[in-house]
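Take a look at the structure set out below.
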Amino acid sequence: ISPTKYFEILKKYTTASEEDIKTFTFVKQGDEAMHHLFRVSSGLDSQILGDYEIIGQLKNAFSLAKTCGCADGYLEKLVN
């Protein structure tokens with residue numbers, strides 16, 4: 001899926017402005033995305049190490065991705 005598709009989904013399902021979406025989001029793919037997922041979910045990219053709220057946010061984001069048709073079985077295994 002192209003980055004443009006992700007931005008369209010964010011515009012549809014959030015109240016963020018198009019400018020904010022372009023300013024504060026990014027799209028990673030492949031190994032880079034997997035590496036980022038593990039860093040975020042483990043709290044390594046958090047200001048507060050061990051912040052468990054991140055896991056809830058990750059689960060919510062994955063649920064939305066599934067709803068939008070942007071997640072496959074491979075990603076589900078990574079998230080679980």
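Just remember, in the structure tokens the first chain shown is A, the second B, etc., residues are 1-based per chain, and ligands are 1-based in the order shown.
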Hey, what does DSSP flag as alpha helix (DSSP H) within chain A? Can you give it to me as a ChimeraX atom specification? /A:3-13,18-24,30-41,53-67,73-79
Using only C-alpha atoms, determine which residues lie at most 10 Å from range 25-42 of chain A, disregarding the query and same-chain residues fewer than 4 positions distant; provide the list as a PDB file with C-alpha atoms, in the first residue's frame.
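Full text of part03.pdb as output:
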ATOM      1  CA  ILE A   1       0.000   0.000   0.000  1.00  0.00           C
ATOM      2  CA  SER A   2       1.338   3.400  -0.896  1.00  0.00           C
ATOM      3  CA  PRO A   3       2.027   6.095   1.725  1.00  0.00           C
ATOM      4  CA  THR A   4      -0.743   8.146   0.120  1.00  0.00           C
ATOM      5  CA  TYR A   6      -2.181   5.572   4.685  1.00  0.00           C
ATOM      6  CA  PHE A   7      -2.632   9.344   4.753  1.00  0.00           C
ATOM      7  CA  LEU A  10      -5.775   8.809   8.721  1.00  0.00           C
ATOM      8  CA  ASP A  20      -0.707  17.710  10.797  1.00  0.00           C
ATOM      9  CA  ILE A  21      -0.813  14.281   9.175  1.00  0.00           C
ATOM     10  CA  SER A  46       9.527   6.142  24.578  1.00  0.00           C
ATOM     11  CA  LEU A  49      11.131   3.475  29.529  1.00  0.00           C
ATOM     12  CA  GLY A  50       8.660   0.713  30.320  1.00  0.00           C
ATOM     13  CA  ASP A  51       5.580   2.785  29.436  1.00  0.00           C
ATOM     14  CA  TYR A  52       2.961   0.031  29.044  1.00  0.00           C
ATOM     15  CA  GLU A  53       0.347   2.359  27.547  1.00  0.00           C
ATOM     16  CA  ILE A  54       2.217   1.915  24.271  1.00  0.00           C
ATOM     17  CA  ILE A  55       1.057  -1.706  23.995  1.00  0.00           C
ATOM     18  CA  GLY A  56      -2.592  -0.630  24.209  1.00  0.00           C
ATOM     19  CA  GLN A  57      -2.026   2.014  21.564  1.00  0.00           C
ATOM     20  CA  LEU A  58      -0.312  -0.541  19.347  1.00  0.00           C
ATOM     21  CA  LYS A  59      -3.234  -2.960  19.691  1.00  0.00           C
ATOM     22  CA  LEU A  75       1.857  -8.391  10.510  1.00  0.00           C
ATOM     23  CA  LEU A  78       4.521  -9.695  14.543  1.00  0.00           C
ATOM     24  CA  VAL A  79       2.060  -7.703  16.623  1.00  0.00           C
TER      25      VAL A  79
END
Taking only C-alpha atoms into account, which of A:Phe24, A:Glu76, A:Ala61, A:Cys68 comes nearest Lys12 in chain A?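 Residue with the minimum atom-to-atom distance to Lys12 in chain A: A:Cys68.
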For CA of Leu44 in chain A and CA of Glu18 in chain A, quote the distance in Å rounded to one decimal.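 Value for the CA of Leu44 in chain A-CA of Glu18 in chain A distance: 28.5 Å.
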